[in-house]
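So this one's run.txt, compact mmCIF, C-alpha atoms and all ligand atoms:
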# COMPACT_ATOMS: atom_id res chain seq x y z
CA MET Y 1 -32.31 -57.07 0.25
CA ARG Y 2 -29.09 -55.10 0.61
CA LYS Y 3 -25.90 -57.11 0.05
CA VAL Y 4 -22.96 -56.09 2.20
CA TYR Y 5 -19.55 -57.74 1.83
CA MET Y 6 -17.33 -57.32 4.88
CA ASP Y 7 -14.98 -60.27 4.43
CA HIS Y 8 -12.11 -58.68 2.53
CA SER Y 9 -9.49 -60.59 4.50
CA ALA Y 10 -10.90 -63.78 3.03
CA THR Y 11 -10.80 -62.39 -0.48
CA THR Y 12 -11.49 -59.22 -2.47
CA PRO Y 13 -13.33 -58.73 -5.74
CA ALA Y 14 -11.04 -58.25 -8.73
CA HIS Y 15 -10.75 -54.62 -9.85
CA PRO Y 16 -12.50 -54.20 -13.25
CA ASP Y 17 -9.16 -53.28 -14.90
CA VAL Y 18 -7.70 -56.51 -13.51
CA ALA Y 19 -10.54 -58.57 -14.98
CA LYS Y 20 -10.12 -56.73 -18.29
CA ILE Y 21 -6.42 -57.45 -18.66
CA MET Y 22 -6.88 -61.09 -17.60
CA ASN Y 23 -9.51 -61.55 -20.26
CA GLU Y 24 -7.16 -60.06 -22.84
CA PHE Y 25 -4.44 -62.57 -21.95
CA MET Y 26 -6.86 -65.49 -21.98
CA VAL Y 27 -8.58 -64.76 -25.26
CA ASP Y 28 -6.37 -62.61 -27.51
CA SER Y 29 -2.77 -62.76 -26.29
CA PHE Y 30 -3.00 -66.36 -25.14
CA GLY Y 31 0.54 -67.45 -26.01
CA ASN Y 32 2.87 -69.56 -23.90
CA ALA Y 33 5.57 -67.25 -22.53
CA SER Y 34 8.22 -69.83 -23.45
CA SER Y 35 7.30 -69.80 -27.17
CA VAL Y 36 9.60 -67.90 -29.49
CA HIS Y 37 6.91 -66.58 -31.88
CA SER Y 38 5.03 -63.31 -31.50
CA PHE Y 39 2.26 -64.85 -29.36
CA GLY Y 40 4.89 -66.13 -26.93
CA ARG Y 41 6.74 -62.83 -26.93
CA GLU Y 42 3.53 -60.98 -26.06
CA ALA Y 43 3.03 -63.29 -23.10
CA ARG Y 44 6.67 -62.92 -22.04
CA ASN Y 45 6.34 -59.12 -22.15
CA ALA Y 46 3.24 -59.36 -19.95
CA LEU Y 47 5.21 -61.39 -17.39
CA ASP Y 48 8.07 -58.89 -17.42
CA LYS Y 49 5.69 -55.99 -16.94
CA ALA Y 50 3.81 -57.68 -14.09
CA ARG Y 51 7.06 -58.64 -12.37
CA GLN Y 52 8.08 -54.98 -12.37
CA GLN Y 53 4.64 -53.85 -11.14
CA VAL Y 54 4.69 -56.30 -8.21
CA ALA Y 55 8.32 -55.41 -7.45
CA ASP Y 56 7.41 -51.69 -7.39
CA LEU Y 57 4.63 -52.35 -4.89
CA ILE Y 58 7.08 -53.77 -2.32
CA GLY Y 59 10.25 -51.86 -3.20
CA ALA Y 60 11.96 -54.89 -4.72
CA GLU Y 61 13.77 -55.51 -7.98
CA ALA Y 62 11.90 -57.35 -10.72
CA LYS Y 63 14.29 -60.30 -10.64
CA GLU Y 64 13.54 -60.81 -6.95
CA ILE Y 65 9.89 -61.71 -7.68
CA VAL Y 66 8.99 -65.38 -8.24
CA PHE Y 67 5.37 -65.91 -9.24
CA THR Y 68 3.52 -68.76 -7.52
CA SER Y 69 0.01 -70.16 -7.36
CA GLY Y 70 -0.72 -68.00 -4.31
CA GLY Y 71 0.21 -67.35 -0.71
CA THR Y 72 0.07 -70.97 0.39
CA GLU Y 73 2.59 -72.08 -2.21
CA ALA Y 74 4.90 -69.13 -1.51
CA ASP Y 75 4.84 -69.88 2.25
CA ASN Y 76 5.52 -73.57 1.60
CA HIS Y 77 8.33 -72.76 -0.78
CA ALA Y 78 9.96 -70.27 1.57
CA ILE Y 79 9.89 -72.61 4.58
CA LYS Y 80 10.51 -75.98 2.94
CA GLY Y 81 12.97 -74.40 0.53
CA VAL Y 82 15.09 -72.93 3.34
CA ALA Y 83 14.78 -76.16 5.33
CA LYS Y 84 16.07 -78.18 2.38
CA THR Y 85 18.76 -75.78 1.24
CA TYR Y 86 20.24 -74.97 4.65
CA SER Y 87 19.59 -78.06 6.80
CA ASP Y 88 23.34 -78.72 6.99
CA LYS Y 89 23.60 -75.53 9.08
CA GLY Y 90 20.91 -76.51 11.57
CA LYS Y 91 17.38 -77.81 11.94
CA HIS Y 92 15.69 -75.23 14.13
CA ILE Y 93 12.95 -72.85 12.96
CA ILE Y 94 11.22 -70.07 14.88
CA THR Y 95 7.66 -69.04 14.10
CA THR Y 96 4.64 -67.86 16.10
CA LYS Y 97 1.53 -69.47 17.53
CA PHE Y 98 -0.83 -67.40 15.43
CA GLU Y 99 0.50 -67.84 11.90
CA HIS Y 100 -1.76 -68.82 9.04
CA HIS Y 101 -2.03 -72.58 8.58
CA ALA Y 102 0.05 -72.30 5.40
CA VAL Y 103 2.98 -71.58 7.74
CA LEU Y 104 1.94 -73.54 10.84
CA HIS Y 105 1.16 -76.77 9.05
CA THR Y 106 4.33 -76.52 6.96
CA CYS Y 107 6.39 -76.17 10.15
CA GLU Y 108 4.52 -79.08 11.73
CA TYR Y 109 5.24 -81.17 8.65
CA LEU Y 110 8.97 -80.44 8.93
CA GLU Y 111 8.90 -81.41 12.62
CA LYS Y 112 7.09 -84.65 11.92
CA GLU Y 113 8.71 -85.80 8.70
CA HIS Y 114 12.19 -84.25 8.76
CA ASP Y 115 13.15 -84.00 12.44
CA PHE Y 116 13.14 -80.22 12.57
CA LYS Y 117 12.63 -78.49 15.89
CA VAL Y 118 10.21 -75.55 15.83
CA THR Y 119 9.72 -72.86 18.48
CA TYR Y 120 6.27 -71.29 18.40
CA LEU Y 121 6.55 -67.80 19.90
CA PRO Y 122 3.74 -66.59 22.16
CA VAL Y 123 1.58 -63.60 21.30
CA SER Y 124 0.60 -60.84 23.74
CA LYS Y 125 -3.04 -60.39 24.75
CA ASP Y 126 -3.37 -57.53 22.29
CA GLY Y 127 -1.96 -59.58 19.43
CA TYR Y 128 1.71 -58.70 19.08
CA VAL Y 129 4.84 -60.85 19.08
CA GLN Y 130 7.59 -59.53 21.35
CA VAL Y 131 11.08 -59.01 19.92
CA SER Y 132 12.53 -60.03 23.31
CA ASP Y 133 10.79 -63.43 23.03
CA LEU Y 134 12.35 -63.90 19.61
CA GLU Y 135 15.77 -62.97 20.96
CA GLU Y 136 15.44 -65.60 23.70
CA ALA Y 137 14.31 -68.30 21.28
CA ILE Y 138 17.30 -68.01 18.92
CA ARG Y 139 19.66 -71.00 19.09
CA ASN Y 140 22.95 -71.90 17.42
CA ASP Y 141 21.12 -74.17 15.00
CA THR Y 142 18.31 -71.71 14.07
CA ILE Y 143 18.24 -71.40 10.28
CA LEU Y 144 14.91 -69.64 9.72
CA ILE Y 145 12.61 -67.17 11.44
CA THR Y 146 9.14 -66.83 9.91
CA VAL Y 147 6.73 -64.28 11.39
CA MET Y 148 3.61 -62.97 9.68
CA TYR Y 149 3.43 -59.29 8.74
CA ALA Y 150 -0.20 -58.84 9.76
CA ASN Y 151 -2.50 -61.37 11.32
CA ASN Y 152 -5.38 -62.47 9.13
CA GLU Y 153 -7.92 -62.66 11.95
CA ILE Y 154 -7.17 -59.77 14.26
CA GLY Y 155 -5.25 -57.55 11.83
CA THR Y 156 -2.38 -56.71 14.18
CA ILE Y 157 0.83 -55.63 12.41
CA GLN Y 158 4.01 -57.17 13.81
CA PRO Y 159 7.40 -55.49 14.47
CA ILE Y 160 8.92 -57.14 11.40
CA LYS Y 161 11.67 -54.60 10.87
CA GLU Y 162 13.07 -55.09 14.39
CA MET Y 163 12.81 -58.87 14.11
CA ALA Y 164 14.47 -59.00 10.69
CA LYS Y 165 17.25 -56.79 12.02
CA LEU Y 166 17.86 -59.21 14.84
CA ALA Y 167 17.83 -62.16 12.41
CA LYS Y 168 20.35 -60.41 10.19
CA LYS Y 169 22.65 -59.74 13.16
CA GLU Y 170 22.49 -63.45 14.02
CA GLY Y 171 22.94 -64.60 10.41
CA ILE Y 172 19.50 -66.23 10.28
CA ILE Y 173 17.18 -66.13 7.23
CA PHE Y 174 14.01 -64.11 7.81
CA HIS Y 175 10.71 -64.78 6.03
CA THR Y 176 7.46 -62.90 6.50
CA ASP Y 177 4.04 -63.99 5.33
CA ALA Y 178 2.76 -60.57 4.23
CA VAL Y 179 -0.37 -61.86 2.48
CA GLN Y 180 -2.67 -59.59 4.48
CA GLY Y 181 -0.41 -56.56 4.31
CA VAL Y 182 0.84 -56.26 0.73
CA GLY Y 183 -1.31 -53.91 -1.34
CA VAL Y 184 -3.14 -52.78 1.80
CA VAL Y 185 -0.44 -50.93 3.76
CA PRO Y 186 2.93 -49.61 2.53
CA ILE Y 187 5.56 -52.36 2.59
CA ASP Y 188 9.16 -51.94 1.48
CA VAL Y 189 11.36 -55.03 1.56
CA LYS Y 190 14.56 -52.98 1.57
CA ASP Y 191 13.42 -51.01 4.58
CA LEU Y 192 12.23 -54.16 6.35
CA GLU Y 193 15.44 -56.02 5.41
CA VAL Y 194 13.63 -59.34 5.02
CA ASP Y 195 15.10 -62.17 2.92
CA LEU Y 196 11.83 -63.73 1.84
CA LEU Y 197 8.29 -62.35 1.68
CA THR Y 198 5.00 -63.93 0.65
CA LEU Y 199 2.17 -62.07 -1.09
CA SER Y 200 -1.11 -63.09 -2.70
CA GLY Y 201 -3.13 -61.40 -5.46
CA HIS Y 202 -6.66 -61.98 -4.22
CA LYS Y 203 -6.16 -59.95 -1.04
CA PHE Y 204 -5.65 -56.69 -2.95
CA TYR Y 205 -8.25 -56.77 -5.74
CA GLY Y 206 -6.24 -59.13 -7.93
CA PRO Y 207 -7.01 -62.69 -9.02
CA LYS Y 208 -7.15 -65.83 -6.86
CA GLY Y 209 -4.60 -68.56 -7.46
CA VAL Y 210 -1.67 -66.25 -8.09
CA GLY Y 211 0.86 -64.83 -5.67
CA ALA Y 212 4.57 -64.32 -5.38
CA LEU Y 213 7.59 -65.04 -3.25
CA PHE Y 214 10.09 -62.24 -2.92
CA VAL Y 215 13.55 -63.81 -2.82
CA LYS Y 216 16.27 -61.32 -1.94
CA LYS Y 217 18.97 -60.92 -4.55
CA GLY Y 218 21.83 -63.35 -3.98
CA MET Y 219 19.81 -65.70 -1.80
CA LYS Y 220 19.84 -69.34 -2.80
CA ILE Y 221 16.68 -71.38 -2.38
CA ASP Y 222 16.01 -74.81 -3.87
CA PRO Y 223 12.98 -75.25 -6.13
CA MET Y 224 9.98 -77.22 -4.90
CA PHE Y 225 8.79 -78.31 -8.33
CA HIS Y 226 11.02 -79.79 -11.00
CA GLY Y 227 10.41 -79.32 -14.68
CA GLY Y 228 11.17 -76.44 -17.03
CA SER Y 229 13.38 -73.47 -16.27
CA HIS Y 230 10.54 -71.03 -15.61
CA GLU Y 231 10.73 -68.29 -12.98
CA MET Y 232 14.53 -68.08 -12.81
CA LYS Y 233 14.60 -71.90 -12.33
CA ILE Y 234 13.02 -71.48 -8.89
CA ARG Y 235 9.45 -72.45 -9.83
CA ALA Y 236 8.87 -74.80 -12.75
CA GLY Y 237 5.57 -74.81 -14.63
CA THR Y 238 4.01 -72.88 -17.52
CA GLU Y 239 3.32 -69.43 -16.17
CA ASN Y 240 -0.27 -68.39 -15.46
CA VAL Y 241 -0.03 -65.40 -17.80
CA PRO Y 242 -3.59 -64.05 -17.30
CA GLY Y 243 -3.27 -64.35 -13.53
CA ILE Y 244 0.18 -62.79 -13.48
CA ALA Y 245 -0.92 -59.92 -15.74
CA GLY Y 246 -3.86 -59.51 -13.34
CA ILE Y 247 -1.75 -59.40 -10.16
CA GLY Y 248 0.58 -56.93 -11.89
CA LYS Y 249 -2.33 -54.61 -12.69
CA ALA Y 250 -3.71 -55.00 -9.15
CA ALA Y 251 -0.29 -54.10 -7.74
CA GLU Y 252 -0.07 -51.00 -9.93
CA ILE Y 253 -3.54 -49.84 -8.84
CA ALA Y 254 -2.83 -50.62 -5.16
CA LEU Y 255 0.34 -48.56 -5.24
CA HIS Y 256 -1.56 -45.52 -6.46
CA GLN Y 257 -4.79 -45.96 -4.51
CA MET Y 258 -3.51 -47.36 -1.21
CA LYS Y 259 -3.68 -44.14 0.83
CA GLU Y 260 -7.06 -43.08 -0.50
CA ARG Y 261 -8.52 -46.55 0.06
CA SER Y 262 -7.02 -46.85 3.50
CA ASP Y 263 -8.19 -43.43 4.73
CA LYS Y 264 -11.74 -44.22 3.69
CA ILE Y 265 -11.71 -47.74 5.11
CA VAL Y 266 -10.29 -46.69 8.50
CA LYS Y 267 -13.09 -44.14 8.92
CA LEU Y 268 -15.74 -46.72 8.13
CA ARG Y 269 -14.11 -49.36 10.34
CA ASP Y 270 -13.90 -46.97 13.28
CA LYS Y 271 -17.53 -45.92 12.86
CA LEU Y 272 -18.51 -49.58 12.82
CA ALA Y 273 -16.46 -50.31 15.95
CA GLU Y 274 -17.93 -47.34 17.84
CA GLY Y 275 -21.45 -48.28 16.78
CA ILE Y 276 -21.07 -51.89 17.89
CA ILE Y 277 -19.68 -50.86 21.28
CA ALA Y 278 -22.48 -48.30 21.76
CA LYS Y 279 -25.30 -50.61 20.74
CA ILE Y 280 -24.28 -53.99 22.15
CA ASP Y 281 -23.33 -54.74 25.76
CA HIS Y 282 -20.71 -57.30 26.80
CA VAL Y 283 -18.65 -56.86 23.68
CA GLN Y 284 -14.90 -56.47 23.25
CA ILE Y 285 -12.55 -55.72 20.39
CA ASN Y 286 -9.80 -58.28 19.88
CA GLY Y 287 -6.31 -57.08 18.99
CA GLY Y 288 -4.72 -53.69 19.58
CA MET Y 289 -6.04 -50.77 17.54
CA ASP Y 290 -2.76 -48.87 17.19
CA ASN Y 291 -0.84 -51.01 14.76
CA ARG Y 292 -3.52 -52.72 12.78
CA LEU Y 293 -4.73 -53.28 9.23
CA PRO Y 294 -7.13 -50.49 8.18
CA GLY Y 295 -10.14 -52.68 7.44
CA ASN Y 296 -9.96 -55.21 10.26
CA LEU Y 297 -12.44 -55.34 13.12
CA ASN Y 298 -12.56 -58.45 15.27
CA VAL Y 299 -15.13 -58.46 18.04
CA SER Y 300 -16.19 -60.97 20.66
CA ILE Y 301 -19.81 -60.78 21.64
CA ALA Y 302 -20.44 -62.64 24.87
CA TYR Y 303 -23.35 -65.07 25.27
CA VAL Y 304 -23.73 -65.76 21.54
CA GLU Y 305 -22.06 -68.16 19.12
CA GLY Y 306 -20.05 -66.61 16.29
CA GLU Y 307 -21.40 -69.21 13.87
CA ALA Y 308 -24.98 -68.32 14.75
CA LEU Y 309 -24.22 -64.63 14.26
CA LEU Y 310 -22.60 -65.36 10.92
CA LEU Y 311 -25.56 -67.38 9.64
CA ASN Y 312 -28.10 -64.81 10.83
CA LEU Y 313 -26.14 -61.97 9.24
CA ASP Y 314 -25.90 -63.98 6.03
CA GLN Y 315 -29.69 -64.20 5.95
CA LYS Y 316 -29.70 -60.41 5.97
CA GLY Y 317 -27.24 -60.27 3.06
CA ILE Y 318 -24.22 -59.43 5.25
CA ALA Y 319 -21.06 -61.46 4.63
CA VAL Y 320 -18.57 -61.66 7.50
CA SER Y 321 -16.43 -64.38 9.01
CA SER Y 322 -16.35 -65.97 12.43
CA GLY Y 323 -12.66 -66.83 12.23
CA SER Y 324 -10.08 -67.45 9.55
CA ALA Y 325 -11.68 -68.11 6.15
CA CYS Y 326 -9.47 -71.12 5.78
CA THR Y 327 -10.70 -72.70 9.01
CA SER Y 328 -14.41 -72.08 8.61
CA GLY Y 329 -16.19 -75.38 8.46
CA SER Y 330 -14.61 -76.28 11.77
CA LEU Y 331 -16.30 -75.32 15.03
CA ASP Y 332 -13.08 -75.37 17.06
CA PRO Y 333 -12.19 -71.98 18.52
CA SER Y 334 -9.74 -70.14 16.33
CA HIS Y 335 -6.07 -70.82 17.17
CA VAL Y 336 -5.42 -67.08 16.81
CA LEU Y 337 -7.94 -66.10 19.46
CA LEU Y 338 -6.68 -68.85 21.75
CA ALA Y 339 -3.10 -67.60 21.17
CA ILE Y 340 -4.10 -64.18 22.51
CA ASP Y 341 -5.52 -65.97 25.53
CA LEU Y 342 -9.15 -65.24 24.89
CA PRO Y 343 -11.39 -67.45 27.05
CA HIS Y 344 -13.11 -70.17 24.99
CA GLU Y 345 -16.56 -68.68 25.44
CA LEU Y 346 -15.43 -65.33 24.02
CA ALA Y 347 -13.41 -66.98 21.24
CA HIS Y 348 -16.60 -68.82 20.26
CA GLY Y 349 -18.55 -65.57 20.08
CA SER Y 350 -16.11 -63.81 17.80
CA LEU Y 351 -16.80 -62.14 14.51
CA ARG Y 352 -14.32 -60.81 11.95
CA LEU Y 353 -15.58 -57.91 9.88
CA THR Y 354 -13.08 -56.79 7.26
CA LEU Y 355 -13.94 -53.73 5.24
CA GLY Y 356 -12.71 -52.91 1.77
CA ALA Y 357 -12.65 -50.32 -0.97
CA GLY Y 358 -16.22 -51.02 -2.07
CA ASN Y 359 -17.84 -50.46 1.34
CA SER Y 360 -19.88 -47.34 2.10
CA GLU Y 361 -21.40 -45.49 5.08
CA GLN Y 362 -24.71 -47.09 4.14
CA ASP Y 363 -23.14 -50.54 4.50
CA VAL Y 364 -21.93 -49.66 7.99
CA ASP Y 365 -25.35 -48.25 8.94
CA TYR Y 366 -27.03 -51.39 7.66
CA VAL Y 367 -24.76 -53.65 9.76
CA LEU Y 368 -25.27 -51.41 12.79
CA ASN Y 369 -28.98 -51.80 12.32
CA GLU Y 370 -29.10 -55.56 11.80
CA LEU Y 371 -26.36 -56.89 14.10
CA PRO Y 372 -27.72 -55.58 17.45
CA GLU Y 373 -31.18 -57.01 16.65
CA ILE Y 374 -29.67 -60.41 15.87
CA VAL Y 375 -27.66 -60.33 19.11
CA VAL Y 376 -30.78 -59.50 21.14
CA ARG Y 377 -32.66 -62.36 19.49
CA LEU Y 378 -29.89 -64.89 20.06
CA ARG Y 379 -29.28 -63.77 23.64
CA SER Y 380 -32.96 -64.12 24.45
CA MET Y 381 -32.29 -67.87 24.15
CA SER Y 382 -29.31 -67.76 26.51
CA PRO Y 383 -30.12 -68.54 30.16
CA LEU Y 384 -26.59 -67.46 31.10
CA TYR Y 385 -27.15 -64.00 29.63
CA GLU Y 386 -30.45 -63.63 31.48
CA GLU Y 387 -28.75 -64.64 34.71
CA THR Y 388 -25.91 -62.16 34.14
CA LYS Y 389 -28.32 -59.30 33.46
CA LYS Y 390 -30.25 -60.19 36.60
CA SER Y 391 -27.19 -60.21 38.83
CA GLU Y 392 -25.96 -56.97 37.24
CA LYS Y 393 -29.26 -55.39 38.18
CA GLU Y 394 -28.82 -56.66 41.71
CA GLY Y 395 -25.39 -55.02 41.78
CA CYS Y 396 -23.16 -58.11 41.72
CA ALA Y 397 -21.88 -58.01 38.18
CA HIS Y 398 -19.76 -60.82 36.83
CA VAL Y 399 -18.40 -61.28 33.33
N1 LIG Z 1 -1.21 -66.31 4.68
C1 LIG Z 1 -2.17 -65.53 5.20
C2 LIG Z 1 -1.85 -64.61 6.33
C3 LIG Z 1 -3.47 -65.56 4.67
O1 LIG Z 1 -4.42 -64.79 5.18
C4 LIG Z 1 -3.74 -66.45 3.59
C5 LIG Z 1 -5.11 -66.58 3.06
O2 LIG Z 1 -6.08 -66.26 3.68
C6 LIG Z 1 -2.68 -67.23 3.09
C7 LIG Z 1 -1.44 -67.14 3.67
C8 LIG Z 1 -2.90 -68.16 1.94
O3 LIG Z 1 -2.93 -67.43 0.72
P1 LIG Z 1 -3.65 -68.04 -0.58
O4 LIG Z 1 -5.11 -67.97 -0.31
O5 LIG Z 1 -3.22 -67.14 -1.69
O6 LIG Z 1 -3.14 -69.43 -0.74
Would it be possible to restate this file's structure as structure tokens?
Amino acid sequence: MRKVYMDHSATTPAHPDVAKIMNEFMVDSFGNASSVHSFGREARNALDKARQQVADLIGAEAKEIVFTSGGTEADNHAIKGVAKTYSDKGKHIITTKFEHHAVLHTCEYLEKEHDFKVTYLPVSKDGYVQVSDLEEAIRNDTILITVMYANNEIGTIQPIKEMAKLAKKEGIIFHTDAVQGVGVVPIDVKDLEVDLLTLSGHKFYGPKGVGALFVKKGMKIDPMFHGGSHEMKIRAGTENVPGIAGIGKAAEIALHQMKERSDKIVKLRDKLAEGIIAKIDHVQINGGMDNRLPGNLNVSIAYVEGEALLLNLDQKGIAVSSGSACTSGSLDPSHVLLAIDLPHELAHGSLRLTLGAGNSEQDVDYVLNELPEIVVRLRSMSPLYEETKKSEKEGCAHV
């Protein structure tokens, strides 16, 4: 059976050169970067190199990159760190309704445990946050604005530059969770003028369990962990040298291959979208197509359950997601799809297909062959679908 992986927003396979360098720093150059001897120095050099590679990917300076255990930690550090460091200036945070849980749950924690007030900005039906809504939400005591760069479920890219500009004008710290964007689309922190930015290695063919927080030069942020003086005293703990060498290599490759990868992926994604629309009735694409991650396709297929689609596709060797990877296991409709005001029944029938560098035309053809058949089979068990088709035939269509 053919195996097709279309869940690159959940994670990507490590590039072979990434795996190679990680192995080198696990087996041969295994030193602790804090040791003074040659083994330690080798590890230290690897950290320095990776810091520069990650910085180059986002237009930062090496000393602005703090390595973390991934996107979740970097988001937590950015939000809790600002909350702790600047709470004397105010206790109001602005975020959006469709952030990743690493941001949402951190904000909720601050509300519950530390008396912060949080404004959750709405999202338009096509998946964008409005700068005017942000402008209205700003208060005298707002100390942090955190808005994701690109949504992990519907792939829509937010007007971060405009929002960060507004934050700067108002003297408010701006953080963006750019986990889905970094290494996938060009991102330059100087151009965006953000103060803090989160990235994660496993979304761009690097290792899992390693990410980084960009902290703009001159910005003070308290550490979350206490211990040694690693990572410019912002993040204590013996550095994950293999992982960091791996994310550095992944960043270097992404910088050089981004355009080529993206051009190929967009073509495949668009072919997939057109095929699905042509072959399946009562289907809609969620999120605007204009400003969107290259590999993301999120569709709602009426009269079927997303979970049932996912399981049936899995039996055919096709890996997709029916919502955020981090929320699978729960049958609640995705908070992202509810934020864009999708009716429950459509939110339940949604599928996220995220293409990546390894996908081919044959993969798309295979999905376009299998998915419509599965939909027909599942809909044949839906009395509601039968009824709809009947009334459509009789000329009184309803959705
Ligand atoms: N933020 C976004 C937008 C994500 O998509 C994810 C992971 O899916 C995270 C944060 C968490 O990153 P990590 O898996 O590295 O903890």
Taking only C-alpha atoms and all ligand atoms into account, list the residues no farther than 8 Å from ligand LIG 1 (chain Z), as a ChimeraX atom specification. /Y:9-11,69-73,75,99-103,148-153,177-180,198-203,208-211,324-326
Once you have the residues from the selection above, write them out as a PDB file, in the coordinates of the input, restricted to C-alpha atoms.
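again.pdb, written as the output of this step:
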ATOM      1  CA  SER Y   9      -9.490 -60.590   4.500  1.00  0.00           C
ATOM      2  CA  ALA Y  10     -10.900 -63.780   3.030  1.00  0.00           C
ATOM      3  CA  THR Y  11     -10.800 -62.390  -0.480  1.00  0.00           C
ATOM      4  CA  SER Y  69       0.010 -70.160  -7.360  1.00  0.00           C
ATOM      5  CA  GLY Y  70      -0.720 -68.000  -4.310  1.00  0.00           C
ATOM      6  CA  GLY Y  71       0.210 -67.350  -0.710  1.00  0.00           C
ATOM      7  CA  THR Y  72       0.070 -70.970   0.390  1.00  0.00           C
ATOM      8  CA  GLU Y  73       2.590 -72.080  -2.210  1.00  0.00           C
ATOM      9  CA  ASP Y  75       4.840 -69.880   2.250  1.00  0.00           C
ATOM     10  CA  GLU Y  99       0.500 -67.840  11.900  1.00  0.00           C
ATOM     11  CA  HIS Y 100      -1.760 -68.820   9.040  1.00  0.00           C
ATOM     12  CA  HIS Y 101      -2.030 -72.580   8.580  1.00  0.00           C
ATOM     13  CA  ALA Y 102       0.050 -72.300   5.400  1.00  0.00           C
ATOM     14  CA  VAL Y 103       2.980 -71.580   7.740  1.00  0.00           C
ATOM     15  CA  MET Y 148       3.610 -62.970   9.680  1.00  0.00           C
ATOM     16  CA  TYR Y 149       3.430 -59.290   8.740  1.00  0.00           C
ATOM     17  CA  ALA Y 150      -0.200 -58.840   9.760  1.00  0.00           C
ATOM     18  CA  ASN Y 151      -2.500 -61.370  11.320  1.00  0.00           C
ATOM     19  CA  ASN Y 152      -5.380 -62.470   9.130  1.00  0.00           C
ATOM     20  CA  GLU Y 153      -7.920 -62.660  11.950  1.00  0.00           C
ATOM     21  CA  ASP Y 177       4.040 -63.990   5.330  1.00  0.00           C
ATOM     22  CA  ALA Y 178       2.760 -60.570   4.230  1.00  0.00           C
ATOM     23  CA  VAL Y 179      -0.370 -61.860   2.480  1.00  0.00           C
ATOM     24  CA  GLN Y 180      -2.670 -59.590   4.480  1.00  0.00           C
ATOM     25  CA  THR Y 198       5.000 -63.930   0.650  1.00  0.00           C
ATOM     26  CA  LEU Y 199       2.170 -62.070  -1.090  1.00  0.00           C
ATOM     27  CA  SER Y 200      -1.110 -63.090  -2.700  1.00  0.00           C
ATOM     28  CA  GLY Y 201      -3.130 -61.400  -5.460  1.00  0.00           C
ATOM     29  CA  HIS Y 202      -6.660 -61.980  -4.220  1.00  0.00           C
ATOM     30  CA  LYS Y 203      -6.160 -59.950  -1.040  1.00  0.00           C
ATOM     31  CA  LYS Y 208      -7.150 -65.830  -6.860  1.00  0.00           C
ATOM     32  CA  GLY Y 209      -4.600 -68.560  -7.460  1.00  0.00           C
ATOM     33  CA  VAL Y 210      -1.670 -66.250  -8.090  1.00  0.00           C
ATOM     34  CA  GLY Y 211       0.860 -64.830  -5.670  1.00  0.00           C
ATOM     35  CA  SER Y 324     -10.080 -67.450   9.550  1.00  0.00           C
ATOM     36  CA  ALA Y 325     -11.680 -68.110   6.150  1.00  0.00           C
ATOM     37  CA  CYS Y 326      -9.470 -71.120   5.780  1.00  0.00           C
TER      38      CYS Y 326
END
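Going from CA of Ala250 in chain Y over to CA of Pro13 in chain Y, you cover 10.9 Å.
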Spatial neighbours of Phe225 in chain Y, max dist 10 Å, only C-alpha atoms, sep filter under 3 positions, as a list in words: His77, Asp222, Gly228, Lys233, Ile234, Arg235, Ala236 and Gly237 of chain Y
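Nearest-residue note for Ala14 in chain Y: choosing from Y:Lys249, Y:Lys279, Y:Arg292, Y:Lys168, the minimum distance belongs to Y:Lys249, counting all atoms listed in the file.
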Grab all the atoms of range 279-296 of chain Y that the file lists, wrap them in a box along x, y and z, add 6 Å per side, and give me centre plus edge lengths in Å (one decimal) as AutoDock Vina command-line options.
--center_x -13.1 --center_y -53.6 --center_z 17.1 --size_x 36.5 --size_y 21.4 --size_z 31.4
For the point (-3.6, -54.2, -12.8) in the file's frame, write as a JSON list (two decimals) with C-alpha atoms, in the frame of the given file all residues with an atom no more than 10 Å away, counting all atoms listed in the file.
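Result saved to part.json:
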[["chain", "number", "residue", "atom", "x", "y", "z"],
["Y", 14, "ALA", "CA", -11.04, -58.25, -8.73],
["Y", 15, "HIS", "CA", -10.75, -54.62, -9.85],
["Y", 16, "PRO", "CA", -12.50, -54.20, -13.25],
["Y", 17, "ASP", "CA", -9.16, -53.28, -14.90],
["Y", 18, "VAL", "CA", -7.70, -56.51, -13.51],
["Y", 19, "ALA", "CA", -10.54, -58.57, -14.98],
["Y", 20, "LYS", "CA", -10.12, -56.73, -18.29],
["Y", 21, "ILE", "CA", -6.42, -57.45, -18.66],
["Y", 22, "MET", "CA", -6.88, -61.09, -17.60],
["Y", 50, "ALA", "CA", 3.81, -57.68, -14.09],
["Y", 53, "GLN", "CA", 4.64, -53.85, -11.14],
["Y", 54, "VAL", "CA", 4.69, -56.30, -8.21],
["Y", 205, "TYR", "CA", -8.25, -56.77, -5.74],
["Y", 206, "GLY", "CA", -6.24, -59.13, -7.93],
["Y", 207, "PRO", "CA", -7.01, -62.69, -9.02],
["Y", 244, "ILE", "CA", 0.18, -62.79, -13.48],
["Y", 245, "ALA", "CA", -0.92, -59.92, -15.74],
["Y", 246, "GLY", "CA", -3.86, -59.51, -13.34],
["Y", 247, "ILE", "CA", -1.75, -59.40, -10.16],
["Y", 248, "GLY", "CA", 0.58, -56.93, -11.89],
["Y", 249, "LYS", "CA", -2.33, -54.61, -12.69],
["Y", 250, "ALA", "CA", -3.71, -55.00, -9.15],
["Y", 251, "ALA", "CA", -0.29, -54.10, -7.74],
["Y", 252, "GLU", "CA", -0.07, -51.00, -9.93],
["Y", 253, "ILE", "CA", -3.54, -49.84, -8.84],
["Y", 254, "ALA", "CA", -2.83, -50.62, -5.16]]
